[in-house]
$ cat final33.cif   # mmCIF, C-alpha atoms
data_run
loop_
_atom_site.label_atom_id
_atom_site.label_comp_id
_atom_site.auth_asym_id
_atom_site.auth_seq_id
_atom_site.Cartn_x
_atom_site.Cartn_y
_atom_site.Cartn_z
CA MET A 717 -83.10 69.02 -12.37
CA SER A 718 -81.08 66.43 -14.26
CA THR A 719 -82.63 63.62 -16.28
CA ALA A 720 -83.21 60.60 -14.07
CA ALA A 721 -82.05 58.01 -16.61
CA CYS A 722 -82.75 54.55 -15.23
CA ALA A 723 -83.56 55.92 -11.77
CA LYS A 724 -84.76 53.02 -9.64
CA ILE A 725 -88.34 53.09 -8.32
CA LEU A 726 -89.41 50.79 -5.48
CA LEU A 727 -93.02 49.57 -5.89
CA VAL A 728 -94.53 48.37 -2.60
CA ASP A 729 -97.95 46.75 -2.88
CA ASP A 730 -99.51 43.49 -1.75
CA SER A 731 -101.33 43.21 -5.09
CA ASP A 732 -99.23 41.33 -7.63
CA VAL A 733 -101.54 42.63 -10.35
CA VAL A 734 -100.97 46.29 -9.48
CA ARG A 735 -97.20 45.80 -9.21
CA THR A 736 -97.09 44.06 -12.60
CA VAL A 737 -98.93 46.84 -14.42
CA LEU A 738 -97.05 49.73 -12.80
CA SER A 739 -93.68 48.04 -13.16
CA LEU A 740 -94.11 47.49 -16.88
CA ALA A 741 -95.29 51.05 -17.42
CA LEU A 742 -92.40 52.54 -15.45
CA ARG A 743 -89.78 50.36 -17.10
CA GLN A 744 -91.02 51.27 -20.55
CA ALA A 745 -90.96 54.93 -19.55
CA GLY A 746 -87.26 54.66 -18.73
CA TYR A 747 -87.20 53.90 -15.02
CA ALA A 748 -85.79 50.79 -13.40
CA THR A 749 -88.06 49.09 -10.86
CA VAL A 750 -87.82 46.83 -7.84
CA GLN A 751 -90.83 45.32 -6.06
CA ALA A 752 -91.90 44.38 -2.56
CA GLY A 753 -95.15 42.90 -1.21
CA ASN A 754 -95.15 44.80 2.10
CA GLY A 755 -93.23 47.40 4.09
CA GLN A 756 -91.03 44.88 5.88
CA GLU A 757 -89.83 43.39 2.61
CA ALA A 758 -89.38 46.88 1.16
CA LEU A 759 -86.94 47.81 3.93
CA THR A 760 -84.54 45.21 2.50
CA LYS A 761 -84.74 46.59 -1.05
CA LEU A 762 -83.84 50.24 -0.60
CA ASP A 763 -80.35 50.11 -2.09
CA GLY A 764 -80.04 52.70 -4.87
CA VAL A 765 -83.74 53.57 -4.86
CA ALA A 766 -84.60 57.10 -6.06
CA ALA A 767 -88.29 57.09 -5.09
CA VAL A 768 -90.97 54.82 -3.64
CA VAL A 769 -94.58 54.17 -4.68
CA CYS A 770 -96.33 52.52 -1.76
CA ASP A 771 -99.74 51.05 -0.91
CA LEU A 772 -101.25 52.12 2.40
CA HIS A 773 -102.78 48.88 3.70
CA MET A 774 -100.59 45.78 3.50
CA PRO A 775 -99.96 42.73 5.67
CA THR A 776 -96.97 42.59 8.06
CA MET A 777 -96.08 46.27 7.66
CA GLY A 778 -98.35 48.93 6.16
CA GLY A 779 -97.38 52.06 4.26
CA LEU A 780 -97.42 54.56 7.11
CA GLU A 781 -95.28 52.37 9.35
CA PHE A 782 -92.87 51.82 6.47
CA LEU A 783 -92.62 55.58 5.85
CA ARG A 784 -91.98 56.14 9.56
CA CYS A 785 -89.06 53.69 9.34
CA LEU A 786 -87.67 55.55 6.34
CA ARG A 787 -87.80 58.87 8.13
CA GLN A 788 -85.95 57.43 11.15
CA ASN A 789 -83.07 56.26 8.97
CA PRO A 790 -80.53 58.99 8.06
CA HIS A 791 -79.93 57.33 4.68
CA THR A 792 -83.60 57.48 3.68
CA VAL A 793 -84.87 60.46 5.63
CA ASP A 794 -85.41 62.45 2.41
CA LEU A 795 -86.41 59.59 0.10
CA PRO A 796 -89.53 60.66 -1.85
CA LEU A 797 -92.51 58.37 -1.25
CA PHE A 798 -95.87 58.48 -3.02
CA PHE A 799 -98.84 56.69 -1.50
CA ALA A 800 -101.20 54.85 -3.85
CA SER A 801 -104.38 53.66 -2.21
CA VAL A 802 -108.06 52.98 -2.79
CA GLU A 803 -108.86 54.94 0.35
CA THR A 804 -108.14 58.58 1.11
CA ARG A 805 -108.96 58.93 4.80
CA GLU A 806 -108.07 62.34 6.17
CA ALA A 807 -106.47 60.87 9.30
CA ASP A 808 -104.05 58.81 7.19
CA LYS A 809 -103.28 61.81 5.00
CA ALA A 810 -102.49 63.88 8.07
CA VAL A 811 -99.96 61.30 9.25
CA GLY A 812 -98.53 61.13 5.73
CA ARG A 813 -98.11 64.90 5.64
CA GLU A 814 -96.41 64.82 9.02
CA LEU A 815 -93.95 62.27 7.64
CA CYS A 816 -93.44 64.32 4.46
CA ALA A 817 -95.00 61.97 1.92
CA ALA A 818 -94.34 63.30 -1.58
CA GLY A 819 -97.96 62.82 -2.70
CA TRP A 820 -101.12 60.69 -2.87
CA LEU A 821 -102.44 58.77 -5.84
CA THR A 822 -105.87 57.13 -5.94
CA LYS A 823 -106.17 53.57 -7.27
CA PRO A 824 -106.51 52.46 -9.95
CA VAL A 825 -103.39 54.50 -10.69
CA ARG A 826 -103.09 55.77 -14.25
CA PRO A 827 -99.47 55.20 -15.35
CA PRO A 828 -99.12 58.64 -17.03
CA GLN A 829 -100.16 60.33 -13.77
CA LEU A 830 -97.63 58.31 -11.82
CA ILE A 831 -94.84 59.06 -14.31
CA GLU A 832 -95.70 62.75 -14.22
CA ALA A 833 -95.64 62.78 -10.41
CA LEU A 834 -92.28 60.99 -10.32
CA ALA A 835 -90.83 63.30 -12.96
CA ARG A 836 -91.74 66.32 -10.85
CA VAL A 837 -89.77 64.97 -7.90
CA ILE A 838 -86.81 63.06 -9.36
CA GLY A 839 -86.69 64.31 -12.95
CA ALA A 840 -88.00 62.98 -16.24
CA PRO A 841 -87.10 59.41 -17.11
CA GLN A 842 -84.91 58.55 -20.08
CA GLY A 843 -86.69 59.38 -23.33
CA LEU A 844 -89.19 61.85 -21.87
CA PRO A 845 -88.80 65.64 -22.00
CA GLU A 846 -87.68 67.52 -18.90
CA GLN A 847 -90.31 69.34 -16.85
CA ALA A 848 -89.90 73.11 -17.13
CA MET B 79 -117.80 42.64 -15.33
CA ASN B 80 -116.27 44.74 -18.06
CA PRO B 81 -114.49 42.44 -20.51
CA HIS B 82 -112.70 45.37 -22.15
CA ARG B 83 -109.33 46.68 -21.16
CA PRO B 84 -109.75 49.46 -18.59
CA ALA B 85 -108.11 52.83 -18.97
CA VAL B 86 -105.29 51.98 -16.62
CA LEU B 87 -104.22 49.06 -18.79
CA CYS B 88 -104.65 51.03 -22.00
CA ALA B 89 -102.30 53.63 -20.58
CA ALA B 90 -99.79 51.03 -19.45
CA THR B 91 -99.76 49.23 -22.78
CA GLY B 92 -99.74 52.51 -24.66
CA ILE B 93 -96.55 53.43 -22.87
CA ALA B 94 -95.14 49.94 -23.26
CA ASN B 95 -95.76 49.95 -26.99
CA CYS B 96 -93.49 46.94 -27.38
CA MET B 97 -95.88 44.17 -26.51
CA ASP B 98 -99.26 43.40 -27.99
CA SER B 99 -101.84 44.82 -25.62
CA ARG B 100 -103.93 41.66 -25.64
CA VAL B 101 -100.91 39.55 -24.71
CA PHE B 102 -100.09 41.91 -21.86
CA TYR B 103 -103.68 42.00 -20.62
CA GLY B 104 -103.77 38.21 -20.80
CA GLN B 105 -100.71 38.03 -18.55
CA VAL B 106 -102.29 40.40 -16.05
CA VAL B 107 -105.57 38.47 -16.06
CA ARG B 108 -103.76 35.17 -15.48
CA LYS B 109 -101.95 36.71 -12.54
CA TYR B 110 -105.24 38.06 -11.22
CA LEU B 111 -106.87 34.63 -11.41
CA GLN B 112 -103.89 33.01 -9.66
CA CYS B 113 -103.85 35.59 -6.87
CA HIS B 114 -107.56 36.11 -6.20
CA VAL B 115 -109.34 32.87 -6.94
CA ALA B 116 -109.68 32.03 -3.23
CA ASP B 117 -110.52 35.52 -1.95
CA ALA B 118 -114.26 35.01 -1.41
CA THR B 119 -113.65 31.95 0.76
CA ALA B 120 -110.78 33.62 2.64
CA LEU B 121 -113.01 36.61 3.37
CA GLU B 122 -115.76 34.41 4.79
CA VAL B 123 -113.25 32.63 7.02
CA ALA B 124 -111.85 35.95 8.26
CA LEU B 125 -115.32 37.31 9.04
CA GLN B 126 -116.36 34.12 10.85
CA ALA B 127 -113.21 34.45 12.96
CA CYS B 128 -114.03 38.16 13.59
CA ASP B 129 -110.64 39.00 12.08
CA THR B 130 -111.59 42.43 10.76
CA GLU B 131 -108.02 43.44 10.00
CA ARG B 132 -107.48 40.39 7.78
CA ALA B 133 -110.89 40.93 6.12
CA CYS B 134 -110.03 44.57 5.38
CA LEU B 135 -106.73 43.59 3.77
CA ILE B 136 -108.41 41.00 1.53
CA VAL B 137 -111.12 43.41 0.39
CA HIS B 138 -108.71 46.33 0.03
CA THR B 139 -106.47 44.32 -2.31
CA LEU B 140 -109.54 43.06 -4.15
CA VAL B 141 -110.67 46.65 -4.84
CA ALA B 142 -107.31 47.65 -6.32
CA SER B 143 -106.80 44.48 -8.37
CA SER B 144 -110.35 44.28 -9.72
CA ALA B 145 -110.21 47.96 -10.69
CA THR B 146 -106.95 47.33 -12.52
CA VAL B 147 -108.31 44.44 -14.60
CA GLY B 148 -111.63 46.20 -15.24
CA ALA B 149 -113.89 43.94 -13.13
CA LEU B 150 -116.06 46.92 -12.32
CA ALA B 151 -119.00 45.19 -10.61
CA LEU B 152 -116.61 43.42 -8.26
CA GLU B 153 -114.71 46.65 -7.60
CA GLN B 154 -117.96 48.43 -6.71
CA GLN B 155 -119.18 45.64 -4.42
CA SER B 156 -115.76 45.42 -2.75
CA ARG B 157 -115.84 49.14 -2.01
CA VAL B 158 -119.25 48.75 -0.33
CA VAL B 159 -117.96 45.95 1.89
CA LEU B 160 -114.73 47.81 2.64
CA ALA B 161 -116.68 50.87 3.75
CA ALA B 162 -118.80 48.68 6.06
CA LEU B 163 -115.69 47.04 7.51
CA ARG B 164 -114.05 50.42 8.07
CA SER B 165 -117.09 51.91 9.81
CA ALA B 166 -116.91 49.81 12.98
CA PRO B 167 -118.88 48.98 15.07
CA PHE B 168 -121.02 48.32 11.97
CA ALA B 169 -120.16 45.15 10.12
CA PRO B 170 -121.01 44.13 6.56
CA SER B 171 -124.37 42.41 6.33
CA ALA B 172 -124.83 38.85 5.08
CA ALA B 173 -126.46 40.31 1.96
CA MET B 174 -123.39 42.46 1.28
CA ILE B 175 -121.07 39.48 1.59
CA GLN B 176 -123.30 37.36 -0.66
CA ALA B 177 -123.34 40.12 -3.27
CA LEU B 178 -119.56 40.39 -3.13
CA ALA B 179 -119.13 36.61 -3.43
CA LEU B 180 -121.45 36.62 -6.47
CA ALA B 181 -119.57 39.51 -8.10
CA HIS B 182 -116.31 37.68 -7.38
CA THR B 183 -117.53 34.48 -9.05
CA GLN B 184 -118.87 36.38 -12.05
CA ALA B 185 -115.59 38.27 -12.46
CA LEU B 186 -113.54 35.08 -12.29
CA CYS B 187 -115.79 33.40 -14.87
CA ALA B 188 -115.75 36.41 -17.21
CA LEU B 189 -111.97 36.80 -17.00
CA GLY B 190 -111.50 33.06 -17.48
CA ASP B 191 -113.79 33.18 -20.54
CA TRP B 192 -111.87 36.17 -21.86
CA LEU B 193 -108.64 34.19 -21.71
CA GLN B 194 -110.26 31.41 -23.77
CA ALA B 195 -111.60 33.81 -26.40
CA PRO B 196 -110.04 33.86 -29.87
CA VAL B 197 -107.06 36.20 -30.11
CA GLN B 198 -107.72 39.47 -31.90
CA LEU B 199 -104.47 41.33 -32.38
CA ASN B 200 -104.44 45.00 -31.41
CA SER B 201 -108.11 44.95 -30.38
#
$ encode --input "final33.cif" --output "structure tokens"
Amino acid sequence: MSTAACAKILLVDDSDVVRTVLSLALRQAGYATVQAGNGQEALTKLDGVAAVVCDLHMPTMGGLEFLRCLRQNPHTVDLPLFFASVETREADKAVGRELCAAGWLTKPVRPPQLIEALARVIGAPQGLPEQA
Amino acid sequence: MNPHRPAVLCAATGIANCMDSRVFYGQVVRKYLQCHVADATALEVALQACDTERACLIVHTLVASSATVGALALEQQSRVVLAALRSAPFAPSAAMIQALALAHTQALCALGDWLQAPVQLNS
């Protein structure tokens, strides 16, 4: 897999605090980031995005509904999406699996875990070694 | 309330390595205070209106944000209330809501105090 230098990651979360922390960590790791406060807003920010990190429960449009929209669009049908949530209900996970979510992260998300998960799917960011 | 930087922020600032960690944490705490200062009141209003969906969203976001800034007592109390909200037809008790409101107030005060504390570089 090639190095994903400046690959753009879309962070979707209704918590400004969570977005701030993850965005800084990802940018310093070599990724570019774009942010949205809910699924509806995220649908307008998909241009050039290499992967998505998404909260499950958000106002207006939640994570599962957003992922369903992605899978119905031929341009984003294969876009990797990681869920990050404080809850890990089996029913939600089952829907996520059905919609081919790339993975699940439990909040509070540790930035190194997130970067490792992203690197596995889209390649290591600029400045980090490639995964074998 | 844990006044120290939690692991998630240590990791973020460790990766960042370009900004003093206390400055970064201060920015995050300010954002937290801006975003969540009215949450306890908003939750009470949502519960009085029997708007469980709105209440769940408030508490869910509170769990994630308080965990990120290291407000551990508030995180724990928020998780208790969230579990009660999610296990309908059971609703959170008045005691649960009072405990959450108290933890919320204590976290806001502690974070506010932290912002006023003398700066110690690279603490």
$ residues_around --input "final33.cif" --residues "stretch 762-771 of chain A" --least-positions-apart "3" --cutoff "7 Å" --atoms "only C-alpha atoms" --output "MDAnalysis selection string"
chainID A and resid 723:729 758:759 774 779 795:801
$ resolve_selection --input "final33.cif" --expression "the PyMOL selection byres ((chain B) within 6 of (chain A))" --output "list in words"
Val86, Ala90, Ala94, Tyr110, Thr139, Ser143, Ala145 and Thr146 of chain B
$ residues_around --input "final33.cif" --residues "stretch 114-118 of chain B" --least-positions-apart "4" --cutoff "9 Å" --atoms "only C-alpha atoms" --output "ChimeraX atom specification"
/B:109-110,122-123,136-137,140,143,175,178-180,182-183,186
$ closest_residue --input "final33.cif" --among "B:Cys128, B:Ala177, B:Leu160, B:Ser171" --to "B:Ala142" --atoms "only C-alpha atoms"
B:Leu160
$ atom_distance --input "final33.cif" --atom1 "atom CA of B:Cys187" --atom2 "atom CA of B:Leu111"
9.6 Å
$ atom_distance --input "final33.cif" --atom1 "atom CA of B:Ala89" --atom2 "atom CA of B:Val147"
12.5 Å
$ atom_distance --input "final33.cif" --atom1 "atom CA of A:Cys785" --atom2 "atom CA of A:Lys809"
16.9 Å
$ closest_residue --input "final33.cif" --among "B:Leu163, B:Gln154, B:Thr119, B:Ala172" --to "B:Glu131" --atoms "all atoms listed in the file"
B:Leu163
$ resolve_selection --input "final33.cif" --expression "the PyMOL selection byres ((chain B and resi 193) around 8)" --output "list in words"
Gly104, Val107, Arg108, Leu189, Gly190, Asp191, Trp192, Gln194 and Ala195 of chain B
$ residues_around --input "final33.cif" --residues "A:Ala810" --least-positions-apart "6" --cutoff "12 Å" --atoms "all atoms listed in the file" --output "mmCIF file with C-alpha atoms, in the coordinates of the input"
data_model
loop_
_atom_site.group_PDB
_atom_site.id
_atom_site.type_symbol
_atom_site.label_atom_id
_atom_site.label_comp_id
_atom_site.auth_asym_id
_atom_site.auth_seq_id
_atom_site.Cartn_x
_atom_site.Cartn_y
_atom_site.Cartn_z
ATOM 1 C CA LEU A 780 -97.420 54.560 7.110
ATOM 2 C CA THR A 804 -108.140 58.580 1.110
ATOM 3 C CA CYS A 816 -93.440 64.320 4.460
ATOM 4 C CA ALA A 817 -95.000 61.970 1.920
ATOM 5 C CA GLY A 819 -97.960 62.820 -2.700
ATOM 6 C CA TRP A 820 -101.120 60.690 -2.870
#
$ resolve_selection --input "final33.cif" --expression "the PyMOL selection byres ((chain B and resi 153) around 9)" --output "MDAnalysis selection string"
chainID B and resid 140:145 148:152 154:158 181
$ write_last_selection --input "final33.cif" --atoms "C-alpha atoms" --output "PDB file, in the frame of the given file"
ATOM      1  CA  LEU B 140    -109.540  43.060  -4.150  1.00  0.00           C
ATOM      2  CA  VAL B 141    -110.670  46.650  -4.840  1.00  0.00           C
ATOM      3  CA  ALA B 142    -107.310  47.650  -6.320  1.00  0.00           C
ATOM      4  CA  SER B 143    -106.800  44.480  -8.370  1.00  0.00           C
ATOM      5  CA  SER B 144    -110.350  44.280  -9.720  1.00  0.00           C
ATOM      6  CA  ALA B 145    -110.210  47.960 -10.690  1.00  0.00           C
ATOM      7  CA  GLY B 148    -111.630  46.200 -15.240  1.00  0.00           C
ATOM      8  CA  ALA B 149    -113.890  43.940 -13.130  1.00  0.00           C
ATOM      9  CA  LEU B 150    -116.060  46.920 -12.320  1.00  0.00           C
ATOM     10  CA  ALA B 151    -119.000  45.190 -10.610  1.00  0.00           C
ATOM     11  CA  LEU B 152    -116.610  43.420  -8.260  1.00  0.00           C
ATOM     12  CA  GLN B 154    -117.960  48.430  -6.710  1.00  0.00           C
ATOM     13  CA  GLN B 155    -119.180  45.640  -4.420  1.00  0.00           C
ATOM     14  CA  SER B 156    -115.760  45.420  -2.750  1.00  0.00           C
ATOM     15  CA  ARG B 157    -115.840  49.140  -2.010  1.00  0.00           C
ATOM     16  CA  VAL B 158    -119.250  48.750  -0.330  1.00  0.00           C
ATOM     17  CA  ALA B 181    -119.570  39.510  -8.100  1.00  0.00           C
TER      18      ALA B 181
END
$ decode --input "final33.cif" --residues "stretch 780-793 of chain A" --atoms "all heavy atoms" --output "compact mmCIF listing (two decimals), in the first residue's frame"
# COMPACT_ATOMS: atom_id res chain seq x y z
N LEU A 780 -25.07 5.79 11.79
CA LEU A 780 -25.53 4.67 10.96
C LEU A 780 -26.29 5.15 9.73
O LEU A 780 -26.12 4.61 8.63
CB LEU A 780 -26.42 3.73 11.80
CG LEU A 780 -25.67 2.91 12.86
CD1 LEU A 780 -26.67 2.17 13.75
CD2 LEU A 780 -24.70 1.93 12.23
N GLU A 781 -27.10 6.18 9.91
CA GLU A 781 -27.84 6.73 8.77
C GLU A 781 -26.87 7.36 7.76
O GLU A 781 -27.04 7.21 6.54
CB GLU A 781 -28.85 7.78 9.27
CG GLU A 781 -29.88 8.16 8.24
CD GLU A 781 -30.83 9.23 8.74
OE1 GLU A 781 -30.84 9.51 9.96
OE2 GLU A 781 -31.53 9.81 7.90
N PHE A 782 -25.85 8.01 8.28
CA PHE A 782 -24.83 8.62 7.42
C PHE A 782 -24.12 7.53 6.62
O PHE A 782 -23.93 7.66 5.39
CB PHE A 782 -23.84 9.40 8.28
CG PHE A 782 -22.61 9.88 7.56
CD1 PHE A 782 -22.71 10.74 6.47
CD2 PHE A 782 -21.35 9.48 7.96
CE1 PHE A 782 -21.58 11.18 5.79
CE2 PHE A 782 -20.21 9.91 7.29
CZ PHE A 782 -20.33 10.76 6.22
N LEU A 783 -23.74 6.44 7.29
CA LEU A 783 -23.04 5.35 6.59
C LEU A 783 -23.95 4.74 5.52
O LEU A 783 -23.48 4.39 4.43
CB LEU A 783 -22.60 4.28 7.61
CG LEU A 783 -21.86 3.07 7.03
CD1 LEU A 783 -20.64 3.48 6.21
CD2 LEU A 783 -21.43 2.12 8.15
N ARG A 784 -25.23 4.62 5.84
CA ARG A 784 -26.18 4.08 4.84
C ARG A 784 -26.20 4.97 3.59
O ARG A 784 -26.21 4.46 2.47
CB ARG A 784 -27.57 3.98 5.47
CG ARG A 784 -28.54 3.11 4.69
CD ARG A 784 -29.78 2.78 5.47
NE ARG A 784 -29.58 1.74 6.45
CZ ARG A 784 -29.73 1.87 7.77
NH1 ARG A 784 -30.11 3.03 8.27
NH2 ARG A 784 -29.53 0.87 8.58
N CYS A 785 -26.17 6.27 3.79
CA CYS A 785 -26.13 7.21 2.66
C CYS A 785 -24.86 7.02 1.84
O CYS A 785 -24.90 7.04 0.60
CB CYS A 785 -26.20 8.66 3.14
SG CYS A 785 -27.78 9.14 3.81
N LEU A 786 -23.75 6.82 2.53
CA LEU A 786 -22.48 6.61 1.82
C LEU A 786 -22.55 5.37 0.94
O LEU A 786 -22.08 5.36 -0.20
CB LEU A 786 -21.32 6.46 2.81
CG LEU A 786 -20.90 7.66 3.65
CD1 LEU A 786 -19.69 7.32 4.51
CD2 LEU A 786 -20.60 8.87 2.77
N ARG A 787 -23.13 4.32 1.49
CA ARG A 787 -23.14 3.05 0.76
C ARG A 787 -24.11 3.09 -0.42
O ARG A 787 -24.03 2.26 -1.33
CB ARG A 787 -23.51 1.90 1.72
CG ARG A 787 -22.47 1.65 2.81
CD ARG A 787 -21.10 1.35 2.23
NE ARG A 787 -20.07 1.16 3.25
CZ ARG A 787 -19.02 1.98 3.42
NH1 ARG A 787 -18.87 3.03 2.62
NH2 ARG A 787 -18.13 1.74 4.34
N GLN A 788 -25.05 4.02 -0.40
CA GLN A 788 -26.00 4.14 -1.51
C GLN A 788 -25.46 5.02 -2.64
O GLN A 788 -26.07 5.11 -3.70
CB GLN A 788 -27.33 4.71 -0.99
CG GLN A 788 -28.11 3.71 -0.15
CD GLN A 788 -29.26 4.33 0.60
OE1 GLN A 788 -29.43 5.56 0.60
NE2 GLN A 788 -30.07 3.52 1.24
N ASN A 789 -24.34 5.67 -2.38
CA ASN A 789 -23.74 6.57 -3.38
C ASN A 789 -22.58 5.84 -4.06
O ASN A 789 -21.64 5.43 -3.38
CB ASN A 789 -23.25 7.84 -2.67
CG ASN A 789 -22.61 8.83 -3.63
OD1 ASN A 789 -22.20 8.49 -4.73
ND2 ASN A 789 -22.54 10.07 -3.19
N PRO A 790 -22.61 5.68 -5.39
CA PRO A 790 -21.53 4.95 -6.06
C PRO A 790 -20.15 5.55 -5.84
O PRO A 790 -19.14 4.85 -5.89
CB PRO A 790 -21.92 5.00 -7.55
CG PRO A 790 -23.05 5.95 -7.66
CD PRO A 790 -23.66 6.11 -6.31
N HIS A 791 -20.08 6.86 -5.57
CA HIS A 791 -18.78 7.50 -5.35
C HIS A 791 -18.20 7.19 -3.97
O HIS A 791 -16.99 7.33 -3.76
CB HIS A 791 -18.90 9.02 -5.51
CG HIS A 791 -19.32 9.45 -6.88
ND1 HIS A 791 -18.53 9.27 -7.99
CD2 HIS A 791 -20.47 10.00 -7.33
CE1 HIS A 791 -19.16 9.72 -9.06
NE2 HIS A 791 -20.35 10.16 -8.68
N THR A 792 -19.05 6.81 -3.03
CA THR A 792 -18.57 6.60 -1.66
C THR A 792 -18.89 5.19 -1.14
O THR A 792 -18.75 4.94 0.06
CB THR A 792 -19.20 7.63 -0.70
OG1 THR A 792 -20.63 7.55 -0.81
CG2 THR A 792 -18.74 9.04 -1.02
N VAL A 793 -19.27 4.32 -2.04
CA VAL A 793 -19.72 2.99 -1.61
C VAL A 793 -18.61 2.22 -0.89
O VAL A 793 -18.89 1.41 0.00
CB VAL A 793 -20.28 2.21 -2.83
CG1 VAL A 793 -19.18 1.85 -3.81
CG2 VAL A 793 -21.04 0.97 -2.38
